[in-house]
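K.L.:
Handing you this structure, nothing more for now.
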Amino acid sequence: MADEAKSTLDRRRFLTVLGASGGGAIALSGCSTGQVEKLIPYLVQSEDQVPGVATWYSSTCTECATGCGLHVRTREGRAVKLEGNPDHPVNQGKLCSRGQAGLQGLYNPGRLKGPMARGANGQLQEITWDDAIARLAGKLGPAGNKVAVISGAGRGTFSDLLGEWVRALGGRVVRYETFGSEPVRAANRQVFGLDQVAAYDFGRAKYIVSFGADFLDTGPASIENARGFARSHGFADRDVAKFVYLAPRMDLTGLNADEWHPIRPGSEAALALAMASLLLGERGARGEGAALRGALASFTPEMAAQETGLPVATIQQLAREFGAARPSLAVAGGVGSQHAGATEVCAAVNILNYAAGNIGETVRFGADLDTGDGYGALQSLLAALDAGQVEVAIVHEANPAYTLPRTSGFAAKFQKAAFKVSTSMYLDETSTLCDLLLPQHHALERWDDLRPRAGVHSLMQPVMEPVFNTMATGDLLLRTAKAVGGPLARFTAPSYKEHLHVRWQALAAGRKEKDFAAFWHGALQRGGVFDESPAPPRVSLAARGAQVRYTKPSFEGNGRFVFATYAHSLLHDGRGANKPWLLENSDPVTKITWHSWVELHPDTARELDLRDGEILRLTSPHGSIEAPVFIYQGIHPDVVAVPLGLGHTEYGSYARGRGVNALDLLGAPAGDFLPYISTKVSVEKTGQYKA
C-alpha cells in the first residue's frame, strides 16, 4: 500500500509545480496578459506570474455529476481558491461546499504519487508509466472482447472516447452514478414516453410540493434549483411561493419548507394520485384528462389518509392549493424516496403535474440531465463478472466496492476478473482490489469537457502543473491504443488535448464558426460554449400513461423501525470523506462533525429511555452497525435514519475507520435501481456513550 507518511514533495518537484500551469491554458480576460504558451523556470518569471497578484482560469467542477462552472484563482502557479463561474448556465456563479473543497482533492496527501502494480508477493510496487502501459496493453490483446469498464457518470468527449475505445475491443462500459435518477427516467418513459430527466423551473413556480426530493442539497442540479427556489420563495416580490415537504424525514430541503408533513415511508404515490384525482374531478377534465380521471377514481383523499397517516382535510387542502396556484410544481426522486415503489412515486408525481397543467411550464423536457446508465446496467455487468466473462476489468472515477451494499457481492465478483485496473487518484476500497493502479490527473490538472445537459459544453483546462506523477486517462487510452494496435489502431491522436481539439473543431463547424482559434480562446475564457436548450418536445400521455399503480409498501425484516439512509449533505456518497474541510464542516441539520449518527424521534427516544449520544446497535437481516443517537423532531416516529458517506475501510487516513457505512444494513435486490429505504431494523442500547 502507498505510505501516506512518505507524501512529502522534494524541493525540485515543489518548484516545478509552482513554475507554470499547463501549456495552452487561457486565463480570464482582464486578469492576466493572455495565454501561457510553454513551461518556463520560475526563476525567470512569466509575465502572467506577478508575485502577490492572482491569475484566474475557467474550468469545470467534477465533485458530482452536475458539472458546475468554476473560476480558479491561482497564485504563483498554484490553485488557491475555487468560485462559481457567473457565465455558466448550470450554477451561475455559485458553488456548493463540495465544489469549494475540490482543492483538498488536488493537494490531498492520500493521492497516489504514480503508477503501481501488484508484484509476485501481492504487494503494490511503484513502476514507470511506460511499464504500466505495456502491462495494460499486454493484457488487453489476449482478452479480446472480455473487457469491461465501470466509469463515473460524466458525459463529454472523454466518455465518448472511452465508449468508442472499449467497443472497438468488443467490450462494454457502464457509466454509473451512485445517486442516479433511474426511477425518474423510468417514470418519464412510462407516463410520457420520454427517456429523459426533465429540468424543473423552481423560479416560476407559485406552489411547490416535494415528495421526498432533496432538490436544494443532494439532488441533481441542486445549485440551479436553489437559485430558482430563492427567486420564487424569497421576499423580493409580494407573491411568495408556498413550499410543502412530504416525506418521513425532514432534510435540508425540508427545513426550508413552509409546511412539513411526516407521511409514512412508501406512501408518497398514494398521496400524489389522490391529489391528482381530486384536481381532475373538481375541474371536470376532458379528453386525455377524462380517461386519466377514470383511472384515478379509486385514489380518494380517504384512501390516501389511510396510507399516509395525514388527515383527509389536509390532503384536500394540499390538492386545492396546488391546483389553484398557476403554475405549480411537484417533484420526486432521489435517495429520500428511493424504496421499492420509487418508480411508482415518480410516475404519480408526473400525473399530478400533468393534471395541474405544469408540463411545459415548470416541468421542461429537452434538457435531459445526465444521470448515467443506472444500477440495472451495473448489475448486468456484475453478473458477467460473476460468470467469468470478463478478463480485464477497469474502474474509472467510481468506487463500487464502497458505494454498493456488501450484499451485492461486488468484491467477490470483481475478483473473478483475471486482471483488474483502477485509474483512481486514491487508494480506495476498489483500487485496493486491483492489480494495476494508473492514477489520473486531478480535474484542475487536465484538459477535458463535460456535457451535463443539452446545449451546455463545459470546458476543463489545467490551471497548474500536476502535483504528482499522474496521467490524464484520455492520454492513457490513446497511448495504450498505440501499443495494442489492431482494433485500437484508429485512435491516432498524439494526445488527449489534440483529440479534444478535433471534437471542438467539429462543434465550431456545426456552429458555422469561421475562426477556430478565436472560438477556442473565447470558450476557454468563458468556461465553455452555452447554447440555448433544444426546443422542448411536445408532451402528452403515453399509451401506458394512465395505467397508474400503487403498491402498498413492504420492507424486509422483522424489526420495529423502517431504516432510511440518505445522502450526506457534505460527503455525498462518500467521495468527500477524505477532505477535512467537509468533515470539519458541521452537518446543516444535526450540526455533527467527523462521525456517523442515528436519528430517532423524541417520542421514540422517551419510550426507549435514550439520551443524545448514547450508542445504539441497529440490526437488519443483512448486518448491524453502531452509532450514537441524535434525537430529532424532524423524523417519523416509525423511522430511524443514518447518513451515507462514512465508514470507509480505505480512501486515506482522513476517511479510513471513521463512522459507519449505512449500506451494511441493506440488501441488493435485482432491479433497475438500488432502494435505499428497503429494510426494517431493531434498535438496542450498547451501554456506551459518545460525548
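For the C-alpha cells, the naming scheme is as follows: chains receive sequential letters (A, B, ...) according to their order of presentation, residues are indexed from 1 within each chain, and ligands are indexed from 1 in presentation order.
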List every residue of region 157-202 of chain A that DSSP, applied to the backbone of this structure, assigns to strand (DSSP E), and report them as an mmCIF file with C-alpha atoms, in the first residue's frame.

P.N.:
data_model
loop_
_atom_site.group_PDB
_atom_site.id
_atom_site.type_symbol
_atom_site.label_atom_id
_atom_site.label_comp_id
_atom_site.auth_asym_id
_atom_site.auth_seq_id
_atom_site.Cartn_x
_atom_site.Cartn_y
_atom_site.Cartn_z
ATOM 1 C CA ARG A 172 -18.782 -2.905 -22.543
ATOM 2 C CA VAL A 173 -18.919 0.287 -20.457
ATOM 3 C CA VAL A 174 -21.286 1.194 -17.630
ATOM 4 C CA ARG A 175 -21.458 4.861 -16.608
ATOM 5 C CA ALA A 199 -35.411 20.174 -15.711
ATOM 6 C CA TYR A 200 -37.548 21.998 -13.139
#

K.L.:
List every residue of region 487-542 of chain A that has an atom at most 12 Å from any atom of region 454-457 of chain A, giving for each one its closest atom pair and the distance in Å to one decimal, counting only C-alpha atoms, sorted by chain and then by ascending residue number, as a tab-separated table.

P.N.:
residue	atom	partner	partner_atom	distance
A:Arg503	CA	A:His457	CA	11.2
A:Trp504	CA	A:His457	CA	9.5
A:Leu507	CA	A:His457	CA	9.5
A:Ala508	CA	A:His457	CA	11.5
A:Arg511	CA	A:Gly455	CA	11.9
A:Ala523	CA	A:His457	CA	9.2
A:Leu524	CA	A:His457	CA	11.0
A:Arg526	CA	A:His457	CA	10.9
A:Gly527	CA	A:His457	CA	8.6
A:Gly528	CA	A:His457	CA	5.5
A:Val529	CA	A:His457	CA	5.2
A:Phe530	CA	A:Val456	CA	4.8
A:Asp531	CA	A:Gly455	CA	4.6
A:Glu532	CA	A:Gly455	CA	5.8
A:Ser533	CA	A:Gly455	CA	5.0
A:Pro534	CA	A:Ala454	CA	7.0
A:Ala535	CA	A:Ala454	CA	10.4
A:Pro536	CA	A:Ala454	CA	10.9

K.L.:
Select from region 240-421 of chain A everything DSSP, run on the backbone, classes as alpha helix (DSSP H), then give the selection as a PyMOL selection string.

P.N.:
chain A and resi 252-255+268-283+288-295+301-308+312-324+342-356+375-386+400-403+410-414

K.L.:
List the spatial neighbours of Ala54 (chain A) as a list in words - criterion: any atom at most 7 Å away, only C-alpha atoms, same-chain residues fewer than 4 positions off excluded.

P.N.:
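Listed by chain and then number, they are Arg73, Thr74 and Arg75 of chain A.
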
K.L.:
Mind pulling up the distance from CA of Gly657 (chain A) to CA of Thr66 (chain A)?

P.N.:
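Result for CA of Thr66 (chain A) versus CA of Gly657 (chain A): 28.9 Å, one decimal.
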
K.L.:
Find the residue from A:Leu271, A:Leu644, A:Ala483, A:Leu582 that sits nearest to Gln104 (chain A); use only C-alpha atoms when measuring.

P.N.:
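Smallest distance to Gln104 (chain A) is found for A:Leu582.
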
K.L.:
Considering only C-alpha atoms, return as a PyMOL selection string whatever protein or nucleic-acid residues lie within 10 Å of Gln92 (chain A), sequence-local ones (same chain, fewer than 6 positions apart) excluded.

P.N.:
chain A and resi 68-70+84-86+223-224+227

K.L.:
Please produce a file of the residues just selected, as a compact mmCIF listing (two decimals), in the first residue's frame, where the atoms kept are N, CA and C atoms.

P.N.:
# COMPACT_ATOMS: atom_id res chain seq x y z
N CYS A 68 -20.87 21.96 -12.65
CA CYS A 68 -20.91 23.41 -12.44
C CYS A 68 -19.65 24.06 -13.01
N GLY A 69 -19.79 25.32 -13.43
CA GLY A 69 -18.65 26.07 -13.93
C GLY A 69 -17.82 26.64 -12.80
N LEU A 70 -16.50 26.67 -13.01
CA LEU A 70 -15.56 27.16 -12.00
C LEU A 70 -14.78 28.37 -12.50
N GLY A 84 -17.66 29.90 -8.19
CA GLY A 84 -18.55 29.60 -9.29
C GLY A 84 -18.35 30.55 -10.45
N ASN A 85 -18.59 30.07 -11.65
CA ASN A 85 -18.48 30.88 -12.87
C ASN A 85 -19.82 31.56 -13.14
N PRO A 86 -19.90 32.90 -13.05
CA PRO A 86 -21.19 33.57 -13.24
C PRO A 86 -21.74 33.45 -14.66
N ILE A 223 -27.63 23.39 -7.24
CA ILE A 223 -27.29 24.82 -7.22
C ILE A 223 -28.29 25.60 -8.08
N GLU A 224 -28.57 25.10 -9.26
CA GLU A 224 -29.54 25.76 -10.14
C GLU A 224 -30.92 25.77 -9.50
N ARG A 227 -31.13 28.44 -6.76
CA ARG A 227 -31.28 29.81 -7.27
C ARG A 227 -32.72 30.07 -7.69

K.L.:
Can you list, as number ranges by chain, every protein, DNA or RNA residue that comes within 9 Å of His568 (chain A) when you count only C-alpha atoms, leaving out same-chain residues fewer than 5 positions away?

P.N.:
A: 218, 573-574, 587, 643-646

K.L.:
Any chance you can output those residues with C-alpha atoms as a PDB file, in the first residue's frame?

P.N.:
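Written output follows (out.pdb):
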ATOM      1  CA  THR A 218     -28.041  16.457  -2.805  1.00  0.00           C
ATOM      2  CA  ASP A 573     -21.940   9.254  -1.412  1.00  0.00           C
ATOM      3  CA  GLY A 574     -18.639   9.141   0.488  1.00  0.00           C
ATOM      4  CA  ASP A 587     -23.984  18.808   9.033  1.00  0.00           C
ATOM      5  CA  PRO A 643     -26.452   9.200   6.688  1.00  0.00           C
ATOM      6  CA  LEU A 644     -24.348   7.639   3.967  1.00  0.00           C
ATOM      7  CA  GLY A 645     -20.778   8.698   3.195  1.00  0.00           C
ATOM      8  CA  LEU A 646     -18.788   7.424   6.182  1.00  0.00           C
TER       9      LEU A 646
END

K.L.:
As a list in words, please: the residues near His501 (chain A) (cut-off 12 Å, only C-alpha atoms, same-chain neighbours under 3 positions excluded).

P.N.:
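Final neighbour list, sorted by chain and number: Gly24, Thr157, Trp447, Asp448, Asp449, Leu459, Ala493, Pro494, Ser495, Tyr496, Lys497, Glu498, Trp504, Gln505, Ala506, Leu507, Ala508, Phe516, Ala517, Phe519, Trp520, His521, Ala523 and Leu524 of chain A.
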
K.L.:
Quick check, in Å to one decimal: how far apart do CA of Phe215 (chain A) and CA of Ala332 (chain A) lie?

P.N.:
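Taking CA of Phe215 (chain A) and CA of Ala332 (chain A), their separation equals 8.8 Å.
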